[in-house]
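With TSV, C-alpha atoms inside, this is coords29.tsv:
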```tsv
chain	number	residue	atom	x	y	z
A	698	MET	CA	6.72	0.75	-1.33
A	699	SER	CA	8.11	0.51	2.19
A	700	ALA	CA	11.67	0.97	0.91
A	701	ALA	CA	10.65	4.05	-1.09
A	702	ARG	CA	8.83	5.51	1.90
A	703	ALA	CA	11.84	4.90	4.15
A	704	LEU	CA	14.21	6.53	1.66
A	705	ARG	CA	11.97	9.58	1.40
A	706	ALA	CA	11.99	9.87	5.19
A	707	GLU	CA	15.77	9.44	5.35
A	708	TYR	CA	16.63	12.10	2.77
A	709	HIS	CA	13.69	14.50	2.99
A	710	GLY	CA	12.37	14.09	6.50
A	711	ARG	CA	8.74	14.98	7.14
A	712	THR	CA	8.55	17.89	4.69
A	713	VAL	CA	6.57	17.64	1.45
A	714	THR	CA	6.75	20.68	-0.80
A	715	PHE	CA	4.76	22.46	-3.48
A	716	SER	CA	5.16	25.67	-5.50
A	717	LYS	CA	2.44	28.32	-5.47
A	718	LYS	CA	2.34	29.36	-9.11
A	719	ALA	CA	0.63	31.20	-11.89
A	720	PHE	CA	0.57	29.32	-15.21
A	721	VAL	CA	1.39	31.86	-17.94
A	722	SER	CA	0.56	30.29	-21.32
A	723	LEU	CA	2.37	32.78	-23.53
A	724	VAL	CA	1.76	31.02	-26.84
A	725	ASN	CA	0.26	27.60	-27.46
A	726	LEU	CA	0.97	27.42	-31.16
A	727	CYS	CA	3.55	24.67	-31.63
A	728	ARG	CA	5.56	23.12	-34.43
A	729	ASP	CA	4.91	19.65	-32.94
A	730	SER	CA	1.65	17.70	-33.10
A	731	CYS	CA	1.73	15.25	-30.20
A	732	THR	CA	-0.89	12.52	-30.51
A	733	TYR	CA	-2.12	12.99	-26.93
A	734	CYS	CA	-1.98	16.79	-26.54
A	735	THR	CA	-4.73	19.40	-26.45
A	736	TYR	CA	-2.43	22.28	-25.46
A	737	GLN	CA	-1.36	22.94	-29.06
A	738	ARG	CA	-3.71	25.14	-31.08
A	739	GLU	CA	-3.87	26.44	-34.63
A	740	PRO	CA	-3.95	30.19	-35.37
A	741	GLY	CA	-7.50	31.49	-35.03
A	742	GLU	CA	-8.72	28.34	-33.29
A	743	ALA	CA	-10.71	28.70	-30.09
A	744	GLY	CA	-8.32	28.64	-27.16
A	745	ALA	CA	-5.31	29.84	-29.15
A	746	SER	CA	-3.06	31.96	-26.96
A	747	MET	CA	-0.64	34.67	-28.06
A	748	MET	CA	-0.37	36.90	-25.01
A	749	ASP	CA	0.87	40.42	-25.57
A	750	LYS	CA	2.96	42.24	-22.97
A	751	ARG	CA	-0.04	44.00	-21.50
A	752	ALA	CA	-1.93	40.73	-20.95
A	753	VAL	CA	1.16	39.16	-19.40
A	754	GLY	CA	1.51	42.13	-17.07
A	755	VAL	CA	-2.12	41.95	-15.98
A	756	LEU	CA	-1.82	38.24	-15.17
A	757	LEU	CA	1.45	38.70	-13.30
A	758	ASP	CA	-0.07	41.54	-11.27
A	759	MET	CA	-2.95	39.25	-10.31
A	760	ALA	CA	-0.48	36.48	-9.41
A	761	ALA	CA	1.33	38.85	-7.08
A	762	ARG	CA	-1.96	39.79	-5.41
A	763	PHE	CA	-2.72	36.08	-4.94
A	764	ARG	CA	0.68	35.77	-3.23
A	765	CYS	CA	2.04	33.36	-5.82
A	766	THR	CA	5.81	32.87	-5.85
A	767	GLU	CA	6.33	31.13	-9.21
A	768	ALA	CA	5.61	32.40	-12.71
A	769	LEU	CA	5.48	29.28	-14.88
A	770	LEU	CA	6.20	30.53	-18.41
A	771	VAL	CA	5.05	28.00	-21.01
A	772	THR	CA	5.15	28.10	-24.80
A	773	GLY	CA	4.73	25.71	-27.67
A	774	GLU	CA	7.82	24.42	-29.43
A	775	ARG	CA	9.23	27.26	-31.60
A	776	PRO	CA	5.88	28.34	-33.09
A	777	GLU	CA	7.55	31.01	-35.23
A	778	GLU	CA	9.20	28.27	-37.29
A	779	ARG	CA	5.80	26.93	-38.39
A	780	TYR	CA	3.38	29.86	-38.34
A	781	GLU	CA	3.56	33.24	-40.03
A	782	GLU	CA	0.99	34.43	-37.48
A	783	ALA	CA	3.45	33.69	-34.67
A	784	ARG	CA	6.22	35.57	-36.44
A	785	ARG	CA	3.97	38.61	-36.92
A	786	TRP	CA	2.85	38.49	-33.29
A	787	LEU	CA	6.44	38.38	-32.04
A	788	HIS	CA	7.46	41.21	-34.36
A	789	ALA	CA	4.56	43.33	-33.12
A	790	GLU	CA	5.75	42.80	-29.55
A	791	GLY	CA	9.30	43.74	-30.58
A	792	PHE	CA	10.99	40.34	-30.57
A	793	ALA	CA	12.61	38.08	-33.14
A	794	SER	CA	11.94	34.79	-31.36
A	795	THR	CA	9.87	33.16	-28.66
A	796	ALA	CA	13.02	32.80	-26.56
A	797	GLU	CA	13.64	36.56	-26.68
A	798	TYR	CA	10.08	37.19	-25.52
A	799	LEU	CA	10.55	34.71	-22.68
A	800	VAL	CA	13.54	36.69	-21.43
A	801	HIS	CA	11.43	39.85	-21.39
A	802	CYS	CA	8.51	38.15	-19.62
A	803	SER	CA	10.92	36.71	-17.06
A	804	GLU	CA	12.05	40.25	-16.28
A	805	MET	CA	8.42	41.30	-15.92
A	806	ALA	CA	7.88	38.51	-13.41
A	807	LEU	CA	10.92	39.43	-11.34
A	808	GLU	CA	9.77	43.05	-11.20
A	809	ARG	CA	6.63	41.81	-9.43
A	810	GLY	CA	8.44	39.55	-6.98
A	811	LEU	CA	7.61	36.36	-8.90
A	812	PHE	CA	10.29	33.80	-9.73
A	813	PRO	CA	10.27	32.48	-13.31
A	814	HIS	CA	10.42	28.84	-14.33
A	815	THR	CA	10.47	28.44	-18.11
A	816	ASN	CA	9.17	25.39	-19.96
A	817	ALA	CA	9.51	26.06	-23.69
A	818	GLY	CA	10.69	22.84	-25.30
A	819	ASN	CA	14.08	22.33	-26.89
A	820	LEU	CA	15.85	25.63	-26.33
A	821	SER	CA	19.33	26.16	-27.73
A	822	ARG	CA	22.35	26.44	-25.48
A	823	SER	CA	22.58	30.20	-26.05
A	824	GLU	CA	18.86	30.67	-25.38
A	825	MET	CA	19.16	28.82	-22.09
A	826	ALA	CA	22.21	30.89	-21.16
A	827	ASP	CA	20.17	34.06	-21.69
A	828	LEU	CA	17.23	32.76	-19.65
A	829	GLN	CA	19.57	31.55	-16.91
A	830	LYS	CA	20.08	35.19	-15.87
A	831	THR	CA	16.41	35.66	-14.96
A	832	ASN	CA	15.04	32.18	-14.20
A	833	ALA	CA	15.14	30.33	-10.90
A	834	SER	CA	14.99	27.04	-12.81
A	835	MET	CA	13.88	25.55	-16.10
A	836	GLY	CA	11.92	22.49	-17.15
A	837	LEU	CA	12.05	19.94	-19.95
A	838	MET	CA	10.28	16.60	-19.76
A	839	LEU	CA	12.24	13.71	-21.22
A	840	GLU	CA	8.93	11.77	-21.28
A	841	ASN	CA	10.73	8.59	-22.33
A	842	ALA	CA	14.20	7.65	-23.55
A	843	SER	CA	13.03	5.04	-26.07
A	844	PRO	CA	13.35	5.91	-29.79
A	845	ARG	CA	10.58	3.36	-30.43
A	846	LEU	CA	7.99	5.86	-29.22
A	847	SER	CA	8.96	8.18	-32.10
A	848	GLU	CA	8.27	5.56	-34.77
A	849	ARG	CA	5.28	5.79	-37.10
A	850	GLY	CA	2.02	5.27	-35.24
A	851	MET	CA	3.59	5.89	-31.83
A	852	PRO	CA	2.93	8.81	-29.44
A	853	HIS	CA	5.86	10.98	-30.58
A	854	HIS	CA	5.71	10.24	-34.31
A	855	LEU	CA	4.48	13.76	-35.15
A	856	ALA	CA	6.59	15.50	-32.50
A	857	PRO	CA	10.19	15.64	-33.76
A	858	SER	CA	11.31	17.72	-30.79
A	859	LYS	CA	10.48	14.80	-28.51
A	860	GLU	CA	12.97	12.44	-30.09
A	861	PRO	CA	14.89	11.33	-27.00
A	862	GLY	CA	18.30	12.14	-28.48
A	863	LYS	CA	17.27	15.77	-28.97
A	864	ARG	CA	15.82	16.05	-25.48
A	865	MET	CA	18.91	14.50	-23.94
A	866	ARG	CA	21.16	16.98	-25.75
A	867	VAL	CA	19.17	19.91	-24.35
A	868	LEU	CA	19.35	18.43	-20.85
A	869	GLU	CA	23.10	17.86	-21.25
A	870	ASN	CA	23.53	21.50	-22.32
A	871	ALA	CA	21.58	22.65	-19.28
A	872	GLY	CA	23.85	20.56	-17.10
A	873	GLU	CA	26.99	22.02	-18.63
A	874	LEU	CA	25.57	25.52	-18.05
A	875	GLY	CA	24.74	24.68	-14.44
A	876	ILE	CA	21.01	25.40	-14.73
A	877	PRO	CA	18.73	23.72	-12.17
A	878	VAL	CA	16.35	21.63	-14.26
A	879	THR	CA	13.16	19.70	-13.66
A	880	THR	CA	12.60	16.76	-15.97
A	881	GLY	CA	10.49	13.64	-15.84
A	882	LEU	CA	8.57	10.86	-17.52
A	883	LEU	CA	5.08	10.49	-18.94
A	884	VAL	CA	4.14	7.00	-17.82
A	885	GLY	CA	1.49	4.71	-19.26
A	886	MET	CA	1.53	6.16	-22.78
A	887	GLY	CA	2.62	2.92	-24.43
A	888	GLU	CA	6.10	2.31	-23.09
A	889	THR	CA	7.19	-1.10	-21.87
A	890	PRO	CA	8.30	-1.58	-18.25
A	891	GLY	CA	11.84	-1.98	-19.57
A	892	GLU	CA	11.63	1.36	-21.38
A	893	LEU	CA	10.40	2.98	-18.19
A	894	VAL	CA	13.37	1.61	-16.26
A	895	ASP	CA	15.82	2.64	-19.01
A	896	SER	CA	14.38	6.16	-18.95
A	897	LEU	CA	14.87	6.45	-15.20
A	898	PHE	CA	18.45	5.30	-15.62
A	899	ALA	CA	18.95	7.92	-18.34
A	900	ILE	CA	17.85	10.64	-15.92
A	901	GLN	CA	19.97	9.15	-13.17
A	902	GLY	CA	22.96	9.34	-15.51
A	903	LEU	CA	22.29	12.99	-16.31
A	904	SER	CA	22.06	13.78	-12.63
A	905	GLY	CA	25.30	11.98	-11.91
A	906	ARG	CA	27.20	13.75	-14.67
A	907	HIS	CA	26.10	17.30	-13.99
A	908	GLY	CA	24.38	17.47	-10.61
A	909	ASN	CA	21.73	19.90	-11.85
A	910	ILE	CA	18.62	17.69	-12.13
A	911	GLN	CA	16.63	19.07	-9.22
A	912	GLU	CA	13.41	17.12	-9.64
A	913	VAL	CA	11.89	14.18	-11.49
A	914	ILE	CA	8.19	14.30	-12.33
A	915	ILE	CA	6.36	11.01	-12.70
A	916	GLN	CA	3.29	12.09	-14.67
A	917	ASN	CA	0.56	9.60	-15.41
A	918	PHE	CA	-0.89	9.54	-18.92
A	919	ARG	CA	-4.53	10.58	-19.03
A	920	PRO	CA	-6.18	10.27	-22.48
A	921	LYS	CA	-7.92	13.33	-23.84
A	922	PRO	CA	-10.99	13.28	-26.10
A	923	ASP	CA	-10.50	14.51	-29.64
A	924	THR	CA	-6.87	13.38	-29.80
A	925	MET	CA	-5.38	10.45	-31.69
A	926	MET	CA	-4.77	8.69	-28.36
A	927	GLY	CA	-8.20	9.56	-26.98
A	928	SER	CA	-9.28	5.93	-26.80
A	929	SER	CA	-6.06	4.69	-25.16
A	930	PRO	CA	-6.31	3.49	-21.56
A	931	PRO	CA	-4.97	5.74	-18.81
A	932	ALA	CA	-1.98	4.78	-16.73
A	933	GLY	CA	-3.05	2.38	-14.02
A	934	ARG	CA	-2.86	3.51	-10.42
A	935	SER	CA	-0.60	0.64	-9.36
A	936	TYR	CA	1.70	1.27	-12.34
A	937	LEU	CA	1.99	4.95	-11.41
A	938	MET	CA	2.77	4.10	-7.80
A	939	ALA	CA	5.38	1.56	-8.87
A	940	ALA	CA	7.02	4.07	-11.21
A	941	ALA	CA	7.22	6.68	-8.45
A	942	ALA	CA	8.60	4.15	-5.96
A	943	LEU	CA	11.18	2.93	-8.47
A	944	ALA	CA	12.29	6.50	-9.12
A	945	ARG	CA	12.80	6.96	-5.38
A	946	VAL	CA	14.76	3.74	-5.00
A	947	LEU	CA	17.01	4.49	-7.99
A	948	MET	CA	17.53	8.14	-6.96
A	949	PRO	CA	17.15	8.26	-3.16
A	950	ARG	CA	18.10	11.93	-2.76
A	951	MET	CA	16.10	13.18	-5.74
A	952	ASN	CA	12.98	15.32	-5.39
A	953	ILE	CA	10.17	13.19	-6.82
A	954	GLN	CA	6.85	14.75	-7.85
A	955	VAL	CA	3.51	13.40	-9.00
A	956	PRO	CA	0.91	16.04	-10.04
A	957	PRO	CA	-2.04	15.79	-7.63
A	958	ASN	CA	-4.65	17.05	-10.11
A	959	LEU	CA	-4.02	14.00	-12.32
A	960	SER	CA	-4.44	11.52	-9.45
A	961	PRO	CA	-7.27	12.79	-7.23
A	962	GLY	CA	-7.88	10.69	-4.17
A	963	SER	CA	-4.41	9.13	-4.30
A	964	TYR	CA	-2.54	11.34	-1.84
A	965	SER	CA	-1.73	8.68	0.75
A	966	GLY	CA	-0.71	6.13	-1.87
A	967	LEU	CA	1.61	8.57	-3.62
A	968	LEU	CA	3.22	9.56	-0.33
A	969	ASP	CA	3.65	5.88	0.48
A	970	ALA	CA	5.38	5.53	-2.91
A	971	GLY	CA	8.06	7.94	-1.73
A	972	ILE	CA	7.25	11.25	-3.39
A	973	ASN	CA	8.22	14.45	-1.58
A	974	ASP	CA	6.66	17.13	-3.79
A	975	TRP	CA	3.24	17.99	-5.23
A	976	GLY	CA	4.57	20.31	-7.93
A	977	GLY	CA	3.08	23.64	-8.90
A	978	ILE	CA	-0.45	24.41	-7.70
A	979	SER	CA	-2.22	27.58	-8.78
A	980	PRO	CA	-5.00	29.41	-6.94
A	981	LEU	CA	-5.44	31.63	-10.00
A	982	THR	CA	-4.90	29.87	-13.33
A	983	PRO	CA	-5.91	26.48	-14.75
A	984	ASP	CA	-3.53	23.74	-15.78
A	985	HIS	CA	-3.50	24.76	-19.44
A	986	VAL	CA	-1.92	21.43	-20.44
A	987	ASN	CA	-4.58	19.42	-18.58
A	988	PRO	CA	-7.50	21.87	-18.27
A	989	GLU	CA	-9.99	19.08	-17.67
A	990	HIS	CA	-8.22	18.31	-14.36
A	991	GLU	CA	-8.54	21.21	-11.92
A	992	TRP	CA	-5.86	21.98	-9.36
A	993	PRO	CA	-6.83	20.89	-5.86
A	994	ALA	CA	-7.11	23.63	-3.26
A	995	ILE	CA	-3.87	24.16	-1.37
A	996	ASN	CA	-5.78	23.63	1.89
A	997	GLU	CA	-6.89	20.21	0.64
A	998	VAL	CA	-3.33	19.23	-0.23
A	999	GLU	CA	-2.15	20.41	3.17
A	1000	ASP	CA	-4.86	18.44	4.99
A	1001	GLU	CA	-4.03	15.26	3.07
A	1002	THR	CA	-0.31	15.72	3.70
A	1003	ARG	CA	-0.90	16.24	7.43
A	1004	ALA	CA	-3.11	13.15	7.53
A	1005	ALA	CA	-0.06	11.16	6.45
A	1006	GLY	CA	1.94	12.62	9.34
A	1007	LEU	CA	3.87	15.00	7.10
A	1008	ARG	CA	4.26	18.78	6.78
A	1009	LEU	CA	3.45	20.84	3.68
A	1010	ALA	CA	5.80	23.71	2.82
A	1011	CYS	CA	6.00	26.14	-0.09
A	1012	ARG	CA	9.19	26.13	-2.13
A	1013	PHE	CA	10.57	28.34	-4.86
A	1014	PRO	CA	10.75	27.01	-8.44
A	1015	VAL	CA	14.25	25.94	-7.43
A	1016	TYR	CA	14.84	23.63	-4.48
A	1017	PRO	CA	16.96	24.94	-1.60
A	1018	GLU	CA	19.84	22.57	-2.28
A	1019	PHE	CA	20.12	23.92	-5.84
A	1020	ALA	CA	19.80	27.61	-5.01
A	1021	GLY	CA	23.57	28.06	-5.26
A	1022	MET	CA	23.28	27.48	-9.03
A	1023	VAL	CA	20.87	30.38	-9.50
A	1024	HIS	CA	22.07	33.71	-10.90
A	1025	PRO	CA	23.14	35.97	-7.99
A	1026	ARG	CA	20.50	38.59	-8.77
A	1027	VAL	CA	17.66	36.07	-8.60
A	1028	ARG	CA	19.19	34.32	-5.59
A	1029	GLU	CA	19.38	37.61	-3.68
A	1030	MET	CA	15.68	38.21	-4.36
A	1031	MET	CA	14.90	34.73	-3.03
A	1032	LEU	CA	16.86	35.36	0.16
A	1033	GLN	CA	14.63	38.32	0.94
A	1034	VAL	CA	11.54	36.08	1.23
A	1035	SER	CA	13.01	32.73	2.32
A	1036	GLY	CA	13.33	31.18	5.74
A	1037	PRO	CA	16.38	29.51	7.28
A	1038	ASP	CA	15.48	26.25	5.52
A	1039	GLY	CA	15.62	27.92	2.09
A	1040	LEU	CA	11.88	27.53	1.55
A	1041	VAL	CA	9.39	30.37	1.10
A	1042	ARG	CA	8.51	32.07	4.37
A	1043	GLU	CA	4.98	31.29	5.53
A	1044	GLY	CA	4.07	34.96	5.63
A	1045	ARG	CA	5.00	35.38	1.97
A	1046	TRP	CA	2.67	32.80	0.48
A	1047	ARG	CA	-0.25	32.27	2.87
```
Represent the structure of the file as structure tokens.
Amino acid sequence: MSAARALRAEYHGRTVTFSKKAFVSLVNLCRDSCTYCTYQREPGEAGASMMDKRAVGVLLDMAARFRCTEALLVTGERPEERYEEARRWLHAEGFASTAEYLVHCSEMALERGLFPHTNAGNLSRSEMADLQKTNASMGLMLENASPRLSERGMPHHLAPSKEPGKRMRVLENAGELGIPVTTGLLVGMGETPGELVDSLFAIQGLSGRHGNIQEVIIQNFRPKPDTMMGSSPPAGRSYLMAAAALARVLMPRMNIQVPPNLSPGSYSGLLDAGINDWGGISPLTPDHVNPEHEWPAINEVEDETRAAGLRLACRFPVYPEFAGMVHPRVREMMLQVSGPDGLVREGRWR
């Protein structure tokens, strides 16, 4: 832990960042059926989301009033390929695909001074190229690089999009396109320590080849009732800390995040493990992927960060050192509200 903490201090100083966001759950129908997920819904089921343009606009307007800077645009994996209802919904909104709708919603966010970050599963190269024009960054969790976890009875058995080869191809495409990307691992879901290490090396390799991996999330598995993995044990605290510290040691310059809402009461330990980012925190919307775990208040996160002798600062969905990869139009908008350090000016987000 001491080595990880020292490396964080060497490469990131005393600043720990977060992104003030609104979580826009455009559509939570999904062609996958992950064994641990409650985000995915069936058409007509309680909690199913298919947001029309008006609803998106209302939420984005509220996000602007709350002084958010990030619009996190999230969808299920290509729902139109599985559900006629999703195809009809998209057609009614004037779009042929979820990716097309994401481009439109990204434009809506920019019009309100919000910076989009899209997380929509395995997008094609051309889809990412289209979104690159309006997004500050994009996200795709690797989760784990082991094919074993896609075998029958394992966490990804019913989620073909999470086969590691497919995820790696999408991440490679993003690298070739020069898109700043956040990726990461879901730890404690049944992987071996060796598979965890191999997965970190896989991300390290991607970063070395393309230089576009801006952040690695180390997300601890938390079982959810009413899922096939509902009785599985959660990731242990010491295992999570070790995974975060190992990520820091293997990738000293990388931005390392652990979501604070999934590890309440662990601020000092996570900072000791070398993380330098708390991820997106919303004062407006729930974590639709983990709704049972509320976001902490930003003031709480700031107090805990200060207690560790560190400074909390608000970032854009893209880190300052990766801003040069962002489309000039989006980058120019960022410059209007950023300080000399490339982070969001205090007066913009407080």
In file coordinates, which residues lie within 9 Å of (18.1, 21.0, -2.4) using all atoms listed in the file, given as a PyMOL selection string?
-> chain A and resi 911+951-952+1015-1020+1039
Between A:Pro740, A:Gly1021, A:Gly836, A:Gly891, single out the one closest to Glu782 (chain A), counting only C-alpha atoms.
-> A:Pro740
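Here the residues that fall within 10 Å of (11.9, 38.4, -19.4), using all atoms listed in the file, are given as Leu770, Ala796, Glu797, Tyr798, Leu799, Val800, His801, Cys802, Ser803, Glu804, Met805, Ala806, Leu807, Glu808, Pro813, Asp827, Leu828, Lys830, Thr831 and Asn832 of chain A.
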Computed interatomic separation between CA of Pro930 (chain A) and CA of Met886 (chain A) (Å) |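 Atom-to-atom, CA of Pro930 (chain A) and CA of Met886 (chain A) are spaced 8.4 Å apart.
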Skipping near chain neighbours, those fewer than 5 positions away, what residues fall within 10 Å of Ser904 (chain A) using all atoms listed in the file, listed as a PyMOL selection string?
-> chain A and resi 868-869+872+878+898-899+909-912+948+951
Near-Lys863 (chain A) list (12 Å; only C-alpha atoms; drop same-chain fewer than 2 positions) as an MDAnalysis selection string | chainID A and resid 818:821 837:839 841:844 847 856:861 865:870
Output C-alpha atoms of each residue in that selection to a file, as an mmCIF file, keeping the file's coordinate frame.
```cif
data_model
loop_
_atom_site.group_PDB
_atom_site.id
_atom_site.type_symbol
_atom_site.label_atom_id
_atom_site.label_comp_id
_atom_site.auth_asym_id
_atom_site.auth_seq_id
_atom_site.Cartn_x
_atom_site.Cartn_y
_atom_site.Cartn_z
ATOM 1 C CA GLY A 818 10.690 22.840 -25.300
ATOM 2 C CA ASN A 819 14.080 22.330 -26.890
ATOM 3 C CA LEU A 820 15.850 25.630 -26.330
ATOM 4 C CA SER A 821 19.330 26.160 -27.730
ATOM 5 C CA LEU A 837 12.050 19.940 -19.950
ATOM 6 C CA MET A 838 10.280 16.600 -19.760
ATOM 7 C CA LEU A 839 12.240 13.710 -21.220
ATOM 8 C CA ASN A 841 10.730 8.590 -22.330
ATOM 9 C CA ALA A 842 14.200 7.650 -23.550
ATOM 10 C CA SER A 843 13.030 5.040 -26.070
ATOM 11 C CA PRO A 844 13.350 5.910 -29.790
ATOM 12 C CA SER A 847 8.960 8.180 -32.100
ATOM 13 C CA ALA A 856 6.590 15.500 -32.500
ATOM 14 C CA PRO A 857 10.190 15.640 -33.760
ATOM 15 C CA SER A 858 11.310 17.720 -30.790
ATOM 16 C CA LYS A 859 10.480 14.800 -28.510
ATOM 17 C CA GLU A 860 12.970 12.440 -30.090
ATOM 18 C CA PRO A 861 14.890 11.330 -27.000
ATOM 19 C CA MET A 865 18.910 14.500 -23.940
ATOM 20 C CA ARG A 866 21.160 16.980 -25.750
ATOM 21 C CA VAL A 867 19.170 19.910 -24.350
ATOM 22 C CA LEU A 868 19.350 18.430 -20.850
ATOM 23 C CA GLU A 869 23.100 17.860 -21.250
ATOM 24 C CA ASN A 870 23.530 21.500 -22.320
#
```
Find the residues around region 915-925 of chain A up to 10 Å (only C-alpha atoms counted), leave out those fewer than 6 positions away in its own chain, and share them as a PyMOL selection string.
-> chain A and resi 731-735+838+840+850+852+880-887+897+931-934+936-938+940-942+944+953-957+959-960+972+987+989-990
Between CA of Met851 (chain A) and CA of Glu991 (chain A), what is the spacing in Å?
-> 27.9 Å
Distance of CA of Glu888 (chain A) from CA of Arg728 (chain A), expressed in Å to one decimal place |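 CA of Glu888 (chain A) lies 23.7 Å from CA of Arg728 (chain A).
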Would you please work out which residue, of A:Phe763, A:Tyr736, A:Tyr964, A:Trp1046, is nearest to Pro980 (chain A) when using only C-alpha atoms?
->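 Looking at the shortest contact to Pro980 (chain A), the residue is A:Phe763.
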Selection: 10 Å around Ala745 (chain A), all atoms listed in the file, excl. self and same-chain fewer than 5 positions, as a PyMOL selection string = chain A and resi 722-726+736-740
Of the residues A:Ala1004, A:Ala994, A:Leu846, A:Met1022, which is the one nearest to Glu892 (chain A), using only C-alpha atoms?
->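 Residue with the minimum atom-to-atom distance to Glu892 (chain A): A:Leu846.
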Listed atoms of region 951-961 of chain A boxed along x, y and z, 8 Å each side, centre and edge lengths in Å, one decimal, as AutoDock Vina command-line options:
```
--center_x 4.4 --center_y 14.3 --center_z -8.9 --size_x 39.4 --size_y 21.5 --size_z 22.9
```
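Nearest-residue note for Glu824 (chain A): choosing from A:Ala871, A:Ala743, A:Glu781, A:Gly862, the minimum distance belongs to A:Ala871, counting only C-alpha atoms.
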